[in-house]
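Student: Below: one structure in structure tokens.
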Amino acid sequence: MSEQPLVDIANCAICPGVCRFDCSAGSVLKKETASPSGKMKLALMLGKGYLDESKELYDVFYQCLGCRSCQTWCSFKDMAVPDLLNEYKIRAVDSGLAPQPVYKMQKDLERWQTLFPKEQMTVFAAEKLDNPDVLLFAGCAYRSMKPAAINAALELLKSAGVKVAILEDETCCGFPASCWGLRDTNLKLAEMTRDKIKQSGANTVVTLCPECLDSFTRRYHDAGIDMDMEVIHLVQFVERLVEEKKLAFDGLDLKTCYHDPCTLGRKAGIFKEPRHLLGMALEKEIMEAVYNREKAHCCGAGQLFEYIQPEAARALAQRRVKELEKGGAEAIVTACAFCEDMLGRVTGLPVYDVAEILWASSTSGPGRDWLLQKKMDSALARDELLKSCNIKTSVTDGIITLRGQAEDWDQVVKAGHLAGSLPGVYSVVNRLSVPGLEPVKLEKTPAENSEVMHPAADVVIIGAGVVGCGIARELSRYDLKIVLIEKEADFCCGTSTANNGMIHPGIFVEPGTLKARLNIRGVELYPALAQELDFPFDQCGLLGVVDEPKEMFLLDLIKAAADYNGVPGVEVMKTAEGVLAHEPNLPKQPIGGFFAPTCAITSPYKVTIAYAENAVQNGVDIHLNTTVTGMEIKNGQLVEVITDHGRFPTRYTINAAGLYADEVADMTGQPEFTIHPRKGELLLLDRKMNKHFSSCAAEVTTKIDPNTKGGGIMLTVDGNIEMGPTAEEVPDKDNLSCSVTGLERIKDKFGGFLPVLKRDDIIAYFAGLRAATYTEDFHIRPSRFVKGLINVAGIQSPGLAAAPAIAEYVLGLLREEGLELNPRPDFNPIRKEKTHFKDLNNAGRQALIESDRRYGNVVCRCELVTEGDIVEALHREVPVTTLDGVKRRTRAGMGRCQGGFCTPKVAAIMAREMGVGVEEITKDGTGSWLFVPRNGREAI
Amino acid sequence: MAYSIAYGSETRFEREEVIEELKSILGSRVSVLETDRLLAGKDWWPITGSWMVKGKMPSLPDAVVWPESTEEISQILKIASSCRVPVIPYGEGSGVLGGVVAVQGGIVIDMKRMNHLLGIDEISHLATVETGINGEVLERELNTRGYTLRHVPQSVRCSTVGGWVSCRAAGQFSTKYGKIEDMLLGLEAVLPDGSVYKNTIAPRTATGPRLDQLFLGAEGTFGVVTKAVLRIWPIPEAQRFNSFAFPSLESGLAAIRDILQQNIKPAVVRLYDAPETGHHFPDMPELSGKLMLVLVMEGIQEMVEVENRVCERVCQKWGAESCGKAPVEHWFKSRFNVSLSSPLIQNGAIVDTIEVSSTWTNIAAVYEATTTALKEIPGTVLVGGHFSHAYTDGACLYLTVVGVPQKDAEEYYRLIWDKAMLATREAGGSISHHHGVGLNRGRFMENEHGQAGMKVLQEIKRALDPDNIMNPGKLGLGREA
């Protein structure tokens with residue numbers, strides 16, 4: 001041994017050890033022998049001949065991770081304990097007293113010529129290039145543990161026009177041998193690797209692995225092996241390409257924390273480049289761990305410490321991960337496959353190689369899809385409910401598709417929501433299946449007249465709910481041929497009919513969403529619309545009530561959200577008096593609350609019918625009982641909507657099919673989103689309960705029950721109070737069942753407002769289905785896959801409130817898509833509600849009876865509906881053909897007895913007026929017959 | 001050629017038996033390996049550094065143990081008591097007086113596994129720690145939560161809380177934040193019979209003498225301190241550096257006294273004598289012959305401004321030139337640099353530091369007497385000093401001496417200590433300000449405390465540790481080095 005190392009060793013041995021607090025090995029092994037100066041004291045004594053060789057002594061010299069933290073704090077220049085230990089490890093190996101794993105490593109390295117068995121090493125198709133610009137040397141760690149980063153690096157370099165070669169298989173650079181004192185093995189591997197690299201013909205070697213970099217730049221030099229070529233780390237090379245403007249980045253939306261690999265950082269001094277490049281490749285500034293750069297803590301993998309002290313290595317990894325996770329990073333990024341493997345084993349976060357991020361973000365890289373895929377995979381892996389499921393994720397242009405099997409519907413929905421909540425997701429197609437569960441889908445009745453060719457339309461609207469009818473009516477202002485197709489026998493049969501009729505003020509809707517924007521705009525449009533279309537509309541306001549002092553802070557949040565969303569006139573009350581001034585009959589003394597004056601109530605089906613009737617007035621062609629079965633697409637353009645009642649040639653198609661919108665969108669051949677039905681159950685109370693409230697009321701609380709979504713006490717325009725709704729994910733699109741659990745849930749959550757409520761005050765209990773997408777926002781966008789189709793999907797609460805704004809927004813989209821909107825001079829915006837006997841005073845009623853004596857025959861006693869009212873409804877421009885249709889227009893059967901008295905009478909009138917037998921009368925279309933003929937239905 | 005052993009450990013107990021008993025409690029956390037034993041008996045007593053280079057080690061304990069709890073330590077001490085085995089508590093070995101040398105062999109209790117910050121009382125600003133925690137690690141943990149201990153001895157990166165308590169340590173920022181005894185509100189200690197002492201945690205008590213303070217500076221001779229409750233501070237919002245060059249020792253000392261006696265408390269007050277000024281600020285030749293005063297003011301902004309103004313005024317009054325913040329920044333950056341000693345020691349030089357204290361009345365005389373005495377010893381090549389800690393009533397004088405022994409190194413070493421200690425006593429000073437006694441200062445203890453004082457100390461020791469198992473030979477109790 002030469003003198004200088006002994007002098008350095010003595011300098012270190014005599015020093016009190018000011019670096020010891022940060023020594024990786026020392027801080028986990030917690031022994032004097034593991035501290036830097038402890039090791040050096042023993043090395044000095046051995047070097048000077050005061051101590052004999054022994055196994056226990058040589059064990060000490062392998063308690064080093066080569067992290068070089070000691071160098072950061074050293075009072076001496078350029079001194080690091082791992083360098084001083086090298087000679088002693090060679091002595092250890094030569095003496096036969098080195099730790100056992102060292103000899104195993106020696107055997108493996110000589111047998112495999114790689115660090116890991118051959119079968120673990122990714123083989124690349126060697127690119128035969130005559131004069132490659134560079135050779136990418138991946139290293140054993142990358143080939144075995146992170147091949148994705150090698151591919152990313154290759155793609156990245158190629159995209160910058162670099163002629164990059166890679167060896168089919170590589171040999172180990174010698175790092176493990178070198179740092180473990182295996183001098184001869186190191187020399188063999190080094191020469192072999194050097195020769196292989198030379199044969200590639202490249203003048204520059206780009207390394208991914210910091211250890212290979214160190215081997216080629218320093219260890220070989222120290223061992224007297226000359227590389228005689230430029231050796232550079234990937235980040236340095238990419239930095240050069242960026243400077244030469246050969247690479248640019250788009251910017252990924254990912255909050256990452258960068259971990260400095262010890263050998264890349266403290267040893268090679270590369271701190272700046274990865275940070276600079278990641279800064280360009282990521283939209284968000286990278287986060288820094290509390291200890292970073294020269295002070296970064298080792299991940300525990302340094303110098304294969306794990307082979308010697310597995311538990312201590314893991315403890316170091318856990319410490320480092322805590323530091324990296326602390327600031328709330330979504331991912332860890334580093335530039336060493338050893339670190340990635342080690343950190344990845346103890347963190348729940350994804351660990352990326354800098355090459356992966358750079359390639360994904362580069363202008364020709366896979367970008368956001370890659371990131372979404374990774375985020376989804378890591379979210380799934382971390383989710384307690386889902387990690388055991390075999391879910392396959394694929395991402396194309398922001399659309400996440402989930403395939404595979406789940407154990408139950410909750411898992412299906414959870415996975416969909418995980419995907420839908422990822423930042424940057426466009427939409428979610430959830431194709432997860434549950435064994436034994438076959439969700440009910442669109443019933444495609446056999447096409448009777450599918451070859452009938454209808455006249456060409458400018459716009460075909462699929463779905464006559466409030467959205468479809470609203471769009472139809474707004475489009476009818478213009479000189480267009482419009483067709484409205486509905487699979488049911490009436491308008492407003494799906495989501496639009498079974499909801500609470502509330503025009504939400506826009507307070508609780510998530511700021512920044514399309515829902516929020518259209519909600520607020522809808523509220524603005526409603527008063528004038530109600531005037532034009534003559535439907536009931538009452539701005540009764542919404543009162544939020546706080547009962548507990550600790551919930552008072554919510555009021556400020558609500559006010560802030562209201563201001564952000566632009567909800568006018570929201571008043572926050574911080575005293576009981578303020579609340580009671582709005583609603584003096586509150587059963588419990590409130591302590592504060594808010595009042596949103598723009599909250600209103602309407603009748604959802606009356607709005608829809610009014611829209612539809614006004615649309616028809618203005619020339620919209622309506623086809624009820626017509627189910628869409630397919631699409632004709634030519635040159636990427638949707639040219640015909642195919643139904644069970646013929647083909648509708650069209651220039652533009654609006655998919656407003658509510659719960660079935662995903663199935664309609666699927667007809668393009670490429671799924672774009674999935675609708676998952678969310679059931680809401682509602683209680684309808686006897687009108688006598690009405691006296692208790694003058695506005696809608698909701699409890700303001702942090703106690704969130706996932707099974708009731710918002711909701712509260714709702715007034716209705718017909719004078720009944722509604723309570724609810726619940727929120728329950730269901731697989732079937734026809735599941736309108738009501739349950740005792742739901743009923744109890746509603747009573748539990750909202751019953752506090754109405755302690756006087758008795759069971760027999762509930763006159764109806766019904767359910768509706770929200771047509772939600774997994775992104776839980778409105779999905780109102782032109783189809784990604786065909787021209788001429790606009791999907792208006794995912795319309796859940798506050799869909800009714802937003803409906804006028806949705807129509808307005810869709811018109812804007814159609815205009816952008818090239819539809820010319822020329823106003824029709826003869827458009828009539830005014831639609832009048834028909835005269836209802838009930839709404840007249842005595843003189844009016846008298847006059848009506850005199851003009852038509854059928855108005856003198858009261859059919860529905862609860863709601864005071866006469867034969868005249870029913871006959872009128874049956875003979876409107878769009879004739880009513882179902883009992884529910886009559887009910888929606890006249891309220892016959894909506895009262896306290898819920899049709900117990902009037903149903904047969906109404907059916908009889910319908911049969912007479914429609915000229916059919918009473919057994920033909922249905923509740924809501926084909927199949928829902930009210931009566932069974934004496935001889936059975938087959939007899940007909 | 002094996003190493004030789006100073007003091008020679010004489011094992012006077014049934015070694016195998018004791019080790020088996022220890023293993024039954026601690027399992028694999030007991031070692032009799034030579035490597036562990038070699039290092040566990042060592043601290044940073046400079047003479048032992050010289051020995052090591054020449055192949056002499058101070059002494060080897062019989063075993064090293066790594067307990068993880070107070071309960072385990074209690075069991076260890078019970079075994080040790082019953083077998084009369086010496087026990088030496090050990091932190092990270094940064095002591096400079098041989099305080100951990102296993103002069104009679106025995107068991108070294110390495111405290112490194114008891115290194116947890118157990119809790120922070122954010123209302124009372126107290127931190128409870130296990131005493132094996134490293135100073136810098138503790139400071140870092142506190143910093144991430146917005147607090148600081150501000151105990152910054154030069155050894156902060158290589159010493160433990162247990163070491164600070166046991167040696168009555170003082171840090172660089174102590175003029176504002178106090179020494180370890182000002183920071184310590186209470187402790188837990190295991191007595192030689194295995195019983196556990198804890199004091200009531202309260203800001204002050206009048207319930208007889210403070211028993212917790214018995215362990216302050218006891219250097220492990222009374223028991224093993226296992227936990228400490230320390231006062232912590234929010235990280236100061238403002239920090240200001242300032243420095244002044246004084247024409248003479250008298251003017252420099254007068255200025256510090258003046259500042260302190262106005263009850264102004266900069267965190268750092270360090271006055272270097274002319275040789276040290278030259279040594280520490282080699283880039284400022286204009287300072288030649290002058291004395292540099294380094295000041296760091298910390299705390300809330302307004303306070304820092306006021307303190308700085310008063311210091312400027314006082315220093316000008318005493319004829320100092322303002323040197324601004326650059327010298328302080330230099331000190332701040334280089335304050336943990338310990339690269340001086342190792343090469344000197346390797347080359348056969350003797351290097352040591354000697355810290356003493358005295359009142360303002362006597363401090364200049366102590367300086368004169370000690371530096372003169374050290375310079376007179378043949379072989380001395382450098383003597384410098386700085387006043388590292390200041391009080392309203394006196395200061396600490398921190399001397400550095402480098403010598404190249406002309407004959408016997410051991411004899412030269414003994415001489416510098418004898419001369420410096422004697423000179424200090426004669427000029428009216430105390431023999432140690434904050435390094436403690438260990439082995440090296442034991443022979444001066446009677447001079448310091450008087451016969452009656454030593455009797456008190458010995459009687460306390462006898463009462464607590466009748467079998468003299470706790471770190472025997474230290475504090476001047478027992479065998480002399």
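Residues are referred to by chain and number: the chain letter is A, B, ... according to the order shown in the structure tokens, the number counts from 1 in that chain, and ligands are numbered separately from 1 in the order shown.
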For Pro671 in chain A, please output as a count of residues only all residues within 12 Å (counting only C-alpha atoms; exclusion window: fewer than 3 positions along the same chain).

Tutor: 25

Student: For the helix (DSSP H, G or I) assignment from backbone DSSP, which residues of range 125-223 of chain A qualify? Please present them as a PyMOL selection string.

Tutor: chain A and resi 140-145+147-159+175-179+183-199+210-222

Student: Give me the residues near Ile762 in chain A as a list in words, where near means some atom within 10 Å (using only C-alpha atoms) and where sequence neighbours in that chain fewer than 5 positions away do not count.

Tutor: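 Result of the neighbour search: Leu683, Leu684, Leu685, Asp686, Arg687, Met689, Ile721, Glu722, Met723, Leu757 and Arg896 of chain A.
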
Student: Write out the residues from the selection above, keeping C-alpha atoms, as a PDB file, in the first residue's frame.

Tutor:
```pdb
ATOM      1  CA  LEU A 683     -90.060  10.690  -1.149  1.00  0.00           C
ATOM      2  CA  LEU A 684     -93.120  12.684  -2.144  1.00  0.00           C
ATOM      3  CA  LEU A 685     -95.099  14.042   0.764  1.00  0.00           C
ATOM      4  CA  ASP A 686     -98.716  14.907   1.165  1.00  0.00           C
ATOM      5  CA  ARG A 687     -99.467  18.471   0.257  1.00  0.00           C
ATOM      6  CA  MET A 689     -96.823  19.194   4.861  1.00  0.00           C
ATOM      7  CA  ILE A 721     -92.750  18.549  -0.566  1.00  0.00           C
ATOM      8  CA  GLU A 722     -90.082  16.136  -1.755  1.00  0.00           C
ATOM      9  CA  MET A 723     -87.342  14.673   0.405  1.00  0.00           C
ATOM     10  CA  LEU A 757     -93.494  13.693   9.438  1.00  0.00           C
ATOM     11  CA  ARG A 896    -102.683  11.479  -2.507  1.00  0.00           C
TER      12      ARG A 896
END
```

Student: Would you work out the distance separating CA of Gly438 in chain B from CA of Ser174 in chain B, expressed in Å to one decimal?

Tutor: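 Separation between CA of Gly438 in chain B and CA of Ser174 in chain B: 22.5 Å.
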
Student: Against chain B, which residues of chain A fall within 10 Å? For each one I want the closest pair of atoms and the distance in Å (one decimal), counting only C-alpha atoms, rows by chain and increasing residue number, as JSON lines.

Tutor:
```
{"residue": "A:Val7", "atom": "CA", "partner": "B:Gln346", "partner_atom": "CA", "distance": 7.8}
{"residue": "A:Asp8", "atom": "CA", "partner": "B:Pro343", "partner_atom": "CA", "distance": 9.0}
{"residue": "A:Ala10", "atom": "CA", "partner": "B:Ser342", "partner_atom": "CA", "distance": 7.2}
{"residue": "A:Asn11", "atom": "CA", "partner": "B:Ser342", "partner_atom": "CA", "distance": 4.9}
{"residue": "A:Cys12", "atom": "CA", "partner": "B:Ser342", "partner_atom": "CA", "distance": 7.6}
{"residue": "A:Ala13", "atom": "CA", "partner": "B:Ser342", "partner_atom": "CA", "distance": 8.3}
{"residue": "A:Ile14", "atom": "CA", "partner": "B:Ser342", "partner_atom": "CA", "distance": 5.5}
{"residue": "A:Cys15", "atom": "CA", "partner": "B:Ser342", "partner_atom": "CA", "distance": 6.3}
{"residue": "A:Pro16", "atom": "CA", "partner": "B:Ser94", "partner_atom": "CA", "distance": 5.7}
{"residue": "A:Gly17", "atom": "CA", "partner": "B:Cys158", "partner_atom": "CA", "distance": 5.9}
{"residue": "A:Val18", "atom": "CA", "partner": "B:Arg157", "partner_atom": "CA", "distance": 5.1}
{"residue": "A:Cys19", "atom": "CA", "partner": "B:Arg157", "partner_atom": "CA", "distance": 6.7}
{"residue": "A:Arg20", "atom": "CA", "partner": "B:Cys158", "partner_atom": "CA", "distance": 6.1}
{"residue": "A:Phe21", "atom": "CA", "partner": "B:Arg157", "partner_atom": "CA", "distance": 5.7}
{"residue": "A:Asp22", "atom": "CA", "partner": "B:Val137", "partner_atom": "CA", "distance": 8.2}
{"residue": "A:Gly26", "atom": "CA", "partner": "B:Lys112", "partner_atom": "CA", "distance": 9.7}
{"residue": "A:Ser27", "atom": "CA", "partner": "B:Lys112", "partner_atom": "CA", "distance": 9.0}
{"residue": "A:Val28", "atom": "CA", "partner": "B:Arg113", "partner_atom": "CA", "distance": 9.1}
{"residue": "A:Leu29", "atom": "CA", "partner": "B:Arg113", "partner_atom": "CA", "distance": 8.8}
{"residue": "A:Lys30", "atom": "CA", "partner": "B:Lys112", "partner_atom": "CA", "distance": 5.5}
{"residue": "A:Lys31", "atom": "CA", "partner": "B:Lys112", "partner_atom": "CA", "distance": 7.0}
{"residue": "A:Glu32", "atom": "CA", "partner": "B:Leu39", "partner_atom": "CA", "distance": 6.4}
{"residue": "A:Thr33", "atom": "CA", "partner": "B:Asp36", "partner_atom": "CA", "distance": 6.2}
{"residue": "A:Ala34", "atom": "CA", "partner": "B:Asp36", "partner_atom": "CA", "distance": 9.7}
{"residue": "A:Ser35", "atom": "CA", "partner": "B:Glu92", "partner_atom": "CA", "distance": 9.4}
{"residue": "A:Ser37", "atom": "CA", "partner": "B:Leu39", "partner_atom": "CA", "distance": 9.8}
{"residue": "A:Gly38", "atom": "CA", "partner": "B:Leu39", "partner_atom": "CA", "distance": 6.6}
{"residue": "A:Lys39", "atom": "CA", "partner": "B:Thr35", "partner_atom": "CA", "distance": 9.3}
{"residue": "A:Lys41", "atom": "CA", "partner": "B:Leu39", "partner_atom": "CA", "distance": 7.9}
{"residue": "A:Leu42", "atom": "CA", "partner": "B:Thr35", "partner_atom": "CA", "distance": 7.3}
{"residue": "A:Leu44", "atom": "CA", "partner": "B:Val53", "partner_atom": "CA", "distance": 7.8}
{"residue": "A:Met45", "atom": "CA", "partner": "B:Gly55", "partner_atom": "CA", "distance": 7.0}
{"residue": "A:Leu46", "atom": "CA", "partner": "B:Ala2", "partner_atom": "CA", "distance": 9.8}
{"residue": "A:Lys48", "atom": "CA", "partner": "B:Gly55", "partner_atom": "CA", "distance": 7.9}
{"residue": "A:Gly49", "atom": "CA", "partner": "B:Met1", "partner_atom": "CA", "distance": 6.2}
{"residue": "A:Tyr50", "atom": "CA", "partner": "B:Ala2", "partner_atom": "CA", "distance": 4.5}
{"residue": "A:Leu51", "atom": "CA", "partner": "B:Ala2", "partner_atom": "CA", "distance": 5.9}
{"residue": "A:Asp52", "atom": "CA", "partner": "B:Ala2", "partner_atom": "CA", "distance": 7.6}
{"residue": "A:Ser54", "atom": "CA", "partner": "B:Thr35", "partner_atom": "CA", "distance": 9.7}
{"residue": "A:Glu56", "atom": "CA", "partner": "B:Thr35", "partner_atom": "CA", "distance": 7.1}
{"residue": "A:Leu57", "atom": "CA", "partner": "B:Thr35", "partner_atom": "CA", "distance": 6.4}
{"residue": "A:Tyr58", "atom": "CA", "partner": "B:Thr35", "partner_atom": "CA", "distance": 9.9}
{"residue": "A:Asp59", "atom": "CA", "partner": "B:Thr35", "partner_atom": "CA", "distance": 10.0}
{"residue": "A:Val60", "atom": "CA", "partner": "B:Thr35", "partner_atom": "CA", "distance": 8.3}
{"residue": "A:Trp73", "atom": "CA", "partner": "B:Phe336", "partner_atom": "CA", "distance": 8.9}
{"residue": "A:Cys74", "atom": "CA", "partner": "B:Asn337", "partner_atom": "CA", "distance": 8.0}
{"residue": "A:Ser75", "atom": "CA", "partner": "B:Asn337", "partner_atom": "CA", "distance": 5.0}
{"residue": "A:Phe76", "atom": "CA", "partner": "B:Ser339", "partner_atom": "CA", "distance": 6.0}
{"residue": "A:Lys77", "atom": "CA", "partner": "B:Ser339", "partner_atom": "CA", "distance": 9.4}
{"residue": "A:Val290", "atom": "CA", "partner": "B:Thr144", "partner_atom": "CA", "distance": 8.2}
{"residue": "A:Tyr291", "atom": "CA", "partner": "B:Arg140", "partner_atom": "CA", "distance": 10.0}
```
